[in-house]
file run28.pdb (PDB, C-alpha atoms)
ATOM      1  CA  MET A   1      12.952  22.481  31.302
ATOM      2  CA  THR A   2      12.521  18.908  30.052
ATOM      3  CA  LEU A   3      15.466  16.575  30.487
ATOM      4  CA  ASP A   4      16.280  13.930  27.930
ATOM      5  CA  THR A   5      15.201  10.481  29.139
ATOM      6  CA  THR A   6      17.539   8.483  26.880
ATOM      7  CA  PRO A   7      18.742   5.502  29.010
ATOM      8  CA  ASP A   8      22.436   5.904  28.149
ATOM      9  CA  GLY A   9      23.703   7.310  31.452
ATOM     10  CA  ARG A  10      23.006  10.987  30.928
ATOM     11  CA  ARG A  11      20.548  10.970  33.845
ATOM     12  CA  ASP A  12      22.906   9.222  36.282
ATOM     13  CA  PHE A  13      23.390  12.318  38.453
ATOM     14  CA  ASP A  14      19.746  13.459  38.448
ATOM     15  CA  PHE A  15      19.455  11.962  41.959
ATOM     16  CA  TYR A  16      21.867  14.631  43.188
ATOM     17  CA  TYR A  17      19.836  17.694  42.197
ATOM     18  CA  GLY A  18      18.800  19.638  45.293
ATOM     19  CA  SER A  19      20.317  20.758  48.588
ATOM     20  CA  TRP A  20      22.294  18.542  50.941
ATOM     21  CA  HIS A  21      23.667  18.291  54.456
ATOM     22  CA  ILE A  22      27.017  16.504  54.312
ATOM     23  CA  THR A  23      28.902  14.604  57.014
ATOM     24  CA  ALA A  24      32.518  14.456  55.856
ATOM     25  CA  ARG A  25      35.447  12.360  57.048
ATOM     26  CA  ARG A  26      38.973  12.641  55.722
ATOM     27  CA  LEU A  27      42.317  11.173  56.663
ATOM     28  CA  ARG A  28      44.616  13.683  58.323
ATOM     29  CA  GLU A  29      47.457  12.449  56.067
ATOM     30  CA  ARG A  30      47.168  10.669  52.749
ATOM     31  CA  LEU A  31      49.352   7.767  51.624
ATOM     32  CA  ALA A  32      51.217   7.831  54.936
ATOM     33  CA  ASN A  33      49.636   4.821  56.721
ATOM     34  CA  CYS A  34      47.585   7.300  58.730
ATOM     35  CA  THR A  35      44.509   5.989  60.543
ATOM     36  CA  GLU A  36      43.437   9.278  62.129
ATOM     37  CA  TRP A  37      40.294  10.770  60.603
ATOM     38  CA  GLU A  38      38.908  14.259  60.994
ATOM     39  CA  GLU A  39      35.186  14.837  60.722
ATOM     40  CA  PHE A  40      33.190  17.927  59.856
ATOM     41  CA  GLU A  41      29.800  19.001  58.569
ATOM     42  CA  ALA A  42      29.189  20.757  55.273
ATOM     43  CA  VAL A  43      26.393  21.882  52.992
ATOM     44  CA  GLY A  44      26.026  21.655  49.254
ATOM     45  CA  SER A  45      23.623  21.883  46.379
ATOM     46  CA  CYS A  46      23.469  20.587  42.815
ATOM     47  CA  ARG A  47      21.656  21.830  39.727
ATOM     48  CA  PRO A  48      21.466  20.697  36.101
ATOM     49  CA  LEU A  49      23.275  22.454  33.250
ATOM     50  CA  LEU A  50      23.162  22.147  29.475
ATOM     51  CA  GLY A  51      19.683  20.617  29.387
ATOM     52  CA  GLY A  52      20.744  17.841  31.767
ATOM     53  CA  MET A  53      23.943  16.928  29.908
ATOM     54  CA  GLY A  54      25.882  18.421  32.801
ATOM     55  CA  ASN A  55      25.514  19.632  36.349
ATOM     56  CA  LEU A  56      27.239  21.791  38.895
ATOM     57  CA  ASP A  57      27.445  21.266  42.644
ATOM     58  CA  ASP A  58      28.917  23.426  45.366
ATOM     59  CA  PHE A  59      30.498  22.400  48.663
ATOM     60  CA  GLN A  60      30.997  24.529  51.769
ATOM     61  CA  PRO A  61      32.261  23.227  55.133
ATOM     62  CA  LEU A  62      30.552  24.424  58.304
ATOM     63  CA  GLY A  63      32.091  25.204  61.675
ATOM     64  CA  ASP A  64      35.114  27.080  62.879
ATOM     65  CA  ASP A  65      38.016  24.791  61.918
ATOM     66  CA  PRO A  66      40.687  27.269  60.755
ATOM     67  CA  ASP A  67      41.715  24.913  57.914
ATOM     68  CA  LEU A  68      38.164  24.954  56.542
ATOM     69  CA  VAL A  69      36.785  28.433  57.287
ATOM     70  CA  GLY A  70      36.157  30.194  54.002
ATOM     71  CA  PHE A  71      36.863  27.088  51.909
ATOM     72  CA  GLU A  72      34.559  26.539  48.937
ATOM     73  CA  GLY A  73      34.615  23.933  46.212
ATOM     74  CA  LEU A  74      32.592  22.828  43.238
ATOM     75  CA  THR A  75      32.296  19.949  40.839
ATOM     76  CA  LEU A  76      31.404  20.421  37.184
ATOM     77  CA  ARG A  77      30.143  17.217  35.549
ATOM     78  CA  ILE A  78      29.699  16.798  31.793
ATOM     79  CA  PHE A  79      28.169  13.769  30.040
ATOM     80  CA  ASN A  80      29.571  12.674  26.671
ATOM     81  CA  PRO A  81      26.801  11.031  24.600
ATOM     82  CA  ALA A  82      29.382   9.569  22.180
ATOM     83  CA  THR A  83      31.199   7.569  24.884
ATOM     84  CA  PHE A  84      28.401   7.362  27.510
ATOM     85  CA  LEU A  85      30.943   8.568  30.088
ATOM     86  CA  TRP A  86      30.887  11.395  32.597
ATOM     87  CA  SER A  87      33.856  13.720  33.182
ATOM     88  CA  LEU A  88      34.037  15.213  36.689
ATOM     89  CA  TYR A  89      36.072  18.380  37.218
ATOM     90  CA  TRP A  90      36.837  19.720  40.728
ATOM     91  CA  ALA A  91      37.771  23.328  41.535
ATOM     92  CA  ASP A  92      38.170  25.198  44.815
ATOM     93  CA  ASN A  93      39.064  28.646  46.079
ATOM     94  CA  VAL A  94      42.494  27.488  47.280
ATOM     95  CA  ARG A  95      43.978  26.387  43.948
ATOM     96  CA  CYS A  96      41.529  28.368  41.766
ATOM     97  CA  ALA A  97      41.718  26.016  38.772
ATOM     98  CA  LEU A  98      39.840  23.064  37.312
ATOM     99  CA  PHE A  99      41.572  19.824  38.208
ATOM    100  CA  PRO A 100      42.011  17.158  35.519
ATOM    101  CA  PRO A 101      38.803  15.161  35.129
ATOM    102  CA  LEU A 102      37.864  11.824  36.593
ATOM    103  CA  VAL A 103      36.013   9.806  33.971
ATOM    104  CA  GLY A 104      33.511   7.006  34.426
ATOM    105  CA  ARG A 105      29.895   5.968  34.721
ATOM    106  CA  PHE A 106      27.287   4.318  36.903
ATOM    107  CA  ASP A 107      26.499   0.614  36.648
ATOM    108  CA  ALA A 108      23.282  -0.624  35.021
ATOM    109  CA  SER A 109      21.405  -0.357  38.337
ATOM    110  CA  GLY A 110      22.194   3.368  38.503
ATOM    111  CA  THR A 111      23.212   3.077  42.141
ATOM    112  CA  ASN A 112      27.014   2.650  41.937
ATOM    113  CA  GLY A 113      29.326   4.909  39.986
ATOM    114  CA  GLU A 114      33.112   4.653  39.503
ATOM    115  CA  PHE A 115      35.253   7.485  38.164
ATOM    116  CA  PHE A 116      39.033   7.399  37.656
ATOM    117  CA  GLY A 117      41.735   9.945  36.948
ATOM    118  CA  ASP A 118      45.305  11.016  37.566
ATOM    119  CA  GLU A 119      46.504  13.533  40.115
ATOM    120  CA  GLU A 120      49.582  14.473  42.095
ATOM    121  CA  HIS A 121      50.027  14.090  45.822
ATOM    122  CA  ASN A 122      53.157  15.569  47.418
ATOM    123  CA  SER A 123      54.608  15.995  43.906
ATOM    124  CA  GLN A 124      54.145  12.284  43.136
ATOM    125  CA  PRO A 125      51.702  10.962  40.503
ATOM    126  CA  VAL A 126      48.761   9.012  41.909
ATOM    127  CA  LYS A 127      45.618   7.427  40.557
ATOM    128  CA  ILE A 128      42.436   8.802  42.021
ATOM    129  CA  ARG A 129      39.041   7.109  42.250
ATOM    130  CA  PHE A 130      35.627   8.460  43.175
ATOM    131  CA  LEU A 131      32.882   6.031  44.144
ATOM    132  CA  TRP A 132      29.275   7.221  44.267
ATOM    133  CA  THR A 133      26.593   5.098  45.926
ATOM    134  CA  VAL A 134      22.950   6.114  45.763
ATOM    135  CA  ILE A 135      21.490   4.738  48.999
ATOM    136  CA  ASP A 136      17.935   5.984  48.468
ATOM    137  CA  SER A 137      16.176   9.102  47.151
ATOM    138  CA  ASP A 138      17.453  11.224  50.058
ATOM    139  CA  ASN A 139      20.845   9.697  50.876
ATOM    140  CA  ALA A 140      24.074   9.120  48.976
ATOM    141  CA  LEU A 141      27.690   8.241  49.763
ATOM    142  CA  TRP A 142      30.761   9.625  48.000
ATOM    143  CA  GLN A 143      34.247   8.191  48.553
ATOM    144  CA  GLN A 144      37.664   9.232  47.305
ATOM    145  CA  ALA A 145      40.696   6.937  47.194
ATOM    146  CA  TYR A 146      44.299   7.279  46.020
ATOM    147  CA  SER A 147      46.591   4.636  44.582
ATOM    148  CA  ALA A 148      50.357   5.069  44.485
ATOM    149  CA  ASP A 149      50.852   1.709  42.723
ATOM    150  CA  ASP A 150      48.856   2.283  39.514
ATOM    151  CA  GLY A 151      45.613   0.914  40.931
ATOM    152  CA  ALA A 152      46.882  -2.309  42.522
ATOM    153  CA  THR A 153      45.815  -1.041  45.969
ATOM    154  CA  TRP A 154      43.638   1.889  47.039
ATOM    155  CA  GLU A 155      43.589   4.041  50.172
ATOM    156  CA  THR A 156      40.193   5.580  50.868
ATOM    157  CA  ASN A 157      41.040   9.013  52.244
ATOM    158  CA  TRP A 158      37.756  10.930  52.151
ATOM    159  CA  THR A 159      34.095   9.989  52.565
ATOM    160  CA  MET A 160      30.978  12.128  52.510
ATOM    161  CA  HIS A 161      27.486  11.026  53.513
ATOM    162  CA  HIS A 162      24.900  13.241  51.823
ATOM    163  CA  HIS A 163      21.408  13.730  53.214
ATOM    164  CA  ARG A 164      18.930  15.738  51.137
ATOM    165  CA  THR A 165      17.565  18.849  52.855
ATOM    166  CA  ALA A 166      15.520  20.199  49.925
ATOM    167  CA  PRO A 167      14.611  19.049  46.416
ATOM    168  CA  TYR A 168      15.852  20.913  43.357
ATOM    169  CA  VAL A 169      13.555  23.710  42.226
ATOM    170  CA  ALA A 170      14.160  25.083  38.718
ATOM    171  CA  GLU A 171      14.705  28.838  38.606
TER     172      GLU A 171
END
call {"tool": "encode", "arguments": {"input": "run28.pdb", "output": "structure tokens"}}
result
Amino acid sequence: MTLDTTPDGRRDFDFYYGSWHITARRLRERLANCTEWEEFEAVGSCRPLLGGMGNLDDFQPLGDDPDLVGFEGLTLRIFNPATFLWSLYWADNVRCALFPPLVGRFDASGTNGEFFGDEEHNSQPVKIRFLWTVIDSDNALWQQAYSADDGATWETNWTMHHHRTAPYVAE
């Protein structure tokens, strides 16, 4: 398969193709002035879809934490060549539905991406932001933050350090 090399952003997530070991940290409570983090390990992989105009990654926590055993999630990403924006859709086996998308792009360097959307937390509307940072060819950082004040302030409530364990191999 040959991916399009048009420099409009459609290749922004190519760095993520492959298999990953993930060190995750998340706040025990969100938007509650909580400072207690829980940490766990996870694995994931990402592959291209639609000739590179999209991709799909999976996420599976490791260990025996009863809140995480059996949990699985995925992100479906689709690039829109008309707007040069990505839409990121999350789904997991707890809620069994695609969440509303976060929309955004990477900066011109291709190393920092920002994606924004709307969600609910404890039945209250919140803004949600994903930040992606490509550290190098084998390491990346993902961060999630919520805002209860329409983006005036942000609480980072989840981070994941990704370390590549294997490159992507086309089937």
call {"tool": "closest_residue", "arguments": {"input": "run28.pdb", "among": "A:Asn112, A:Thr153, A:Asn55, A:Thr165", "to": "Arg77 (chain A)", "atoms": "all atoms listed in the file"}}
result
A:Asn55
call {"tool": "closest_residue", "arguments": {"input": "run28.pdb", "among": "A:Ala140, A:Leu56, A:Ala108, A:Met160", "to": "Ser87 (chain A)", "atoms": "only C-alpha atoms"}}
result
A:Leu56
call {"tool": "residues_around", "arguments": {"input": "run28.pdb", "residues": "Pro125 (chain A)", "least_positions_apart": "4", "cutoff": "12 Å", "atoms": "all atoms listed in the file", "output": "count of residues only"}}
result
12
call {"tool": "atom_distance", "arguments": {"input": "run28.pdb", "atom1": "CA of Asp67 (chain A)", "atom2": "CA of Phe116 (chain A)"}}
result
26.9 Å
call {"tool": "atom_distance", "arguments": {"input": "run28.pdb", "atom1": "CA of Asn157 (chain A)", "atom2": "CA of Ile135 (chain A)"}}
result
20.3 Å
call {"tool": "axis_aligned_box", "arguments": {"input": "run28.pdb", "around": "region 10-19 of chain A", "padding_each_side": "3 Å", "output": "AutoDock Vina command-line options"}}
result
--center_x 21.1 --center_y 15.0 --center_z 39.8 --size_x 10.6 --size_y 17.5 --size_z 23.7
call {"tool": "resolve_selection", "arguments": {"input": "run28.pdb", "expression": "the PyMOL selection byres ((chain A and resi 83) around 12)", "output": "list in words"}}
result
Asp8, Gly9, Arg10, Ile78, Phe79, Asn80, Pro81, Ala82, Phe84, Leu85, Trp86, Ser87, Val103, Gly104 and Arg105 of chain A
call {"tool": "write_last_selection", "arguments": {"input": "run28.pdb", "atoms": "C-alpha atoms", "output": "PDB file, keeping the file's coordinate frame"}}
result
ATOM      1  CA  ASP A   8      22.436   5.904  28.149  1.00  0.00           C
ATOM      2  CA  GLY A   9      23.703   7.310  31.452  1.00  0.00           C
ATOM      3  CA  ARG A  10      23.006  10.987  30.928  1.00  0.00           C
ATOM      4  CA  ILE A  78      29.699  16.798  31.793  1.00  0.00           C
ATOM      5  CA  PHE A  79      28.169  13.769  30.040  1.00  0.00           C
ATOM      6  CA  ASN A  80      29.571  12.674  26.671  1.00  0.00           C
ATOM      7  CA  PRO A  81      26.801  11.031  24.600  1.00  0.00           C
ATOM      8  CA  ALA A  82      29.382   9.569  22.180  1.00  0.00           C
ATOM      9  CA  PHE A  84      28.401   7.362  27.510  1.00  0.00           C
ATOM     10  CA  LEU A  85      30.943   8.568  30.088  1.00  0.00           C
ATOM     11  CA  TRP A  86      30.887  11.395  32.597  1.00  0.00           C
ATOM     12  CA  SER A  87      33.856  13.720  33.182  1.00  0.00           C
ATOM     13  CA  VAL A 103      36.013   9.806  33.971  1.00  0.00           C
ATOM     14  CA  GLY A 104      33.511   7.006  34.426  1.00  0.00           C
ATOM     15  CA  ARG A 105      29.895   5.968  34.721  1.00  0.00           C
TER      16      ARG A 105
END
call {"tool": "closest_residue", "arguments": {"input": "run28.pdb", "among": "A:Glu38, A:Trp154, A:Gly110, A:Gly54", "to": "Val126 (chain A)", "atoms": "only C-alpha atoms"}}
result
A:Trp154
call {"tool": "closest_residue", "arguments": {"input": "run28.pdb", "among": "A:Gly44, A:Pro61, A:Gly73, A:Pro7", "to": "Ala97 (chain A)", "atoms": "all atoms listed in the file"}}
result
A:Gly73
call {"tool": "resolve_selection", "arguments": {"input": "run28.pdb", "expression": "the PyMOL selection byres ((chain A and resi 20) around 9)", "output": "VMD selection string"}}
result
chain A and resid 16 18 to 19 21 to 22 42 to 46 138 to 139 162 to 167
call {"tool": "closest_residue", "arguments": {"input": "run28.pdb", "among": "A:Tyr168, A:Phe71, A:Phe13, A:Trp158", "to": "Arg26 (chain A)", "atoms": "all atoms listed in the file"}}
result
A:Trp158
call {"tool": "closest_residue", "arguments": {"input": "run28.pdb", "among": "A:Asp57, A:Glu41, A:Asp64, A:Glu114", "to": "Ala145 (chain A)", "atoms": "all atoms listed in the file"}}
result
A:Glu114
call {"tool": "atom_distance", "arguments": {"input": "run28.pdb", "atom1": "CA of Val69 (chain A)", "atom2": "CA of Arg95 (chain A)"}}
result
15.3 Å
call {"tool": "decode", "arguments": {"input": "run28.pdb", "residues": "region 81-110 of chain A", "atoms": "N, CA and C atoms", "output": "mmCIF file, in the first residue's frame"}}
result
data_model
loop_
_atom_site.group_PDB
_atom_site.id
_atom_site.type_symbol
_atom_site.label_atom_id
_atom_site.label_comp_id
_atom_site.auth_asym_id
_atom_site.auth_seq_id
_atom_site.Cartn_x
_atom_site.Cartn_y
_atom_site.Cartn_z
ATOM 1 N N PRO A 81 -9.666 15.986 3.988
ATOM 2 C CA PRO A 81 -8.798 16.758 3.094
ATOM 3 C C PRO A 81 -9.376 18.117 2.703
ATOM 4 N N ALA A 82 -10.669 18.346 2.936
ATOM 5 C CA ALA A 82 -11.262 19.650 2.627
ATOM 6 C C ALA A 82 -10.936 20.683 3.702
ATOM 7 N N THR A 83 -10.834 20.232 4.963
ATOM 8 C CA THR A 83 -10.574 21.163 6.070
ATOM 9 C C THR A 83 -9.161 21.024 6.629
ATOM 10 N N PHE A 84 -8.450 19.947 6.240
ATOM 11 C CA PHE A 84 -7.118 19.628 6.760
ATOM 12 C C PHE A 84 -7.142 19.329 8.258
ATOM 13 N N LEU A 85 -8.290 18.852 8.751
ATOM 14 C CA LEU A 85 -8.451 18.545 10.167
ATOM 15 C C LEU A 85 -8.696 17.052 10.369
ATOM 16 N N TRP A 86 -8.245 16.572 11.506
ATOM 17 C CA TRP A 86 -8.505 15.208 11.943
ATOM 18 C C TRP A 86 -9.692 15.204 12.891
ATOM 19 N N SER A 87 -10.510 14.155 12.822
ATOM 20 C CA SER A 87 -11.562 13.890 13.809
ATOM 21 C C SER A 87 -11.198 12.595 14.515
ATOM 22 N N LEU A 88 -11.158 12.644 15.859
ATOM 23 C CA LEU A 88 -10.765 11.505 16.678
ATOM 24 C C LEU A 88 -11.977 11.022 17.458
ATOM 25 N N TYR A 89 -12.323 9.756 17.262
ATOM 26 C CA TYR A 89 -13.489 9.154 17.905
ATOM 27 C C TYR A 89 -13.028 8.044 18.852
ATOM 28 N N TRP A 90 -13.406 8.117 20.117
ATOM 29 C CA TRP A 90 -13.077 7.092 21.110
ATOM 30 C C TRP A 90 -14.272 6.158 21.283
ATOM 31 N N ALA A 91 -13.991 4.890 21.548
ATOM 32 C CA ALA A 91 -15.012 3.909 21.926
ATOM 33 C C ALA A 91 -14.365 2.931 22.893
ATOM 34 N N ASP A 92 -15.177 2.354 23.779
ATOM 35 C CA ASP A 92 -14.652 1.329 24.687
ATOM 36 C C ASP A 92 -15.740 0.303 24.964
ATOM 37 N N ASN A 93 -15.344 -0.778 25.624
ATOM 38 C CA ASN A 93 -16.279 -1.868 25.878
ATOM 39 C C ASN A 93 -17.106 -1.656 27.146
ATOM 40 N N VAL A 94 -17.033 -0.462 27.732
ATOM 41 C CA VAL A 94 -17.894 -0.121 28.860
ATOM 42 C C VAL A 94 -19.141 0.595 28.349
ATOM 43 N N ARG A 95 -18.940 1.612 27.524
ATOM 44 C CA ARG A 95 -20.077 2.387 26.999
ATOM 45 C C ARG A 95 -20.509 1.933 25.609
ATOM 46 N N CYS A 96 -19.672 1.174 24.922
ATOM 47 C CA CYS A 96 -20.029 0.527 23.650
ATOM 48 C C CYS A 96 -20.662 1.489 22.638
ATOM 49 N N ALA A 97 -20.033 2.643 22.464
ATOM 50 C CA ALA A 97 -20.505 3.635 21.496
ATOM 51 C C ALA A 97 -19.339 4.537 21.123
ATOM 52 N N LEU A 98 -19.402 5.124 19.929
ATOM 53 C CA LEU A 98 -18.419 6.137 19.556
ATOM 54 C C LEU A 98 -18.750 7.430 20.280
ATOM 55 N N PHE A 99 -17.755 8.006 20.926
ATOM 56 C CA PHE A 99 -17.944 9.301 21.572
ATOM 57 C C PHE A 99 -17.925 10.387 20.502
ATOM 58 N N PRO A 100 -18.456 11.569 20.799
ATOM 59 C CA PRO A 100 -18.340 12.673 19.839
ATOM 60 C C PRO A 100 -16.868 12.953 19.547
ATOM 61 N N PRO A 101 -16.564 13.406 18.345
ATOM 62 C CA PRO A 101 -15.152 13.561 17.973
ATOM 63 C C PRO A 101 -14.483 14.772 18.613
ATOM 64 N N LEU A 102 -13.164 14.643 18.761
ATOM 65 C CA LEU A 102 -12.300 15.782 19.020
ATOM 66 C C LEU A 102 -11.682 16.122 17.677
ATOM 67 N N VAL A 103 -11.613 17.391 17.353
ATOM 68 C CA VAL A 103 -11.171 17.825 16.033
ATOM 69 C C VAL A 103 -9.962 18.735 16.173
ATOM 70 N N GLY A 104 -8.983 18.539 15.303
ATOM 71 C CA GLY A 104 -7.797 19.388 15.336
ATOM 72 C C GLY A 104 -6.737 18.918 14.375
ATOM 73 N N ARG A 105 -5.521 19.374 14.620
ATOM 74 C CA ARG A 105 -4.401 19.073 13.723
ATOM 75 C C ARG A 105 -3.086 19.232 14.470
ATOM 76 N N PHE A 106 -2.024 18.816 13.794
ATOM 77 C CA PHE A 106 -0.664 19.029 14.291
ATOM 78 C C PHE A 106 -0.147 20.367 13.774
ATOM 79 N N ASP A 107 0.824 20.932 14.478
ATOM 80 C CA ASP A 107 1.450 22.169 14.024
ATOM 81 C C ASP A 107 2.348 21.871 12.825
ATOM 82 N N ALA A 108 2.936 22.908 12.256
ATOM 83 C CA ALA A 108 3.752 22.766 11.046
ATOM 84 C C ALA A 108 4.954 21.854 11.257
ATOM 85 N N SER A 109 5.448 21.753 12.493
ATOM 86 C CA SER A 109 6.598 20.882 12.763
ATOM 87 C C SER A 109 6.209 19.412 12.748
ATOM 88 N N GLY A 110 4.906 19.129 12.908
ATOM 89 C CA GLY A 110 4.433 17.752 12.953
ATOM 90 C C GLY A 110 4.675 17.060 14.276
#
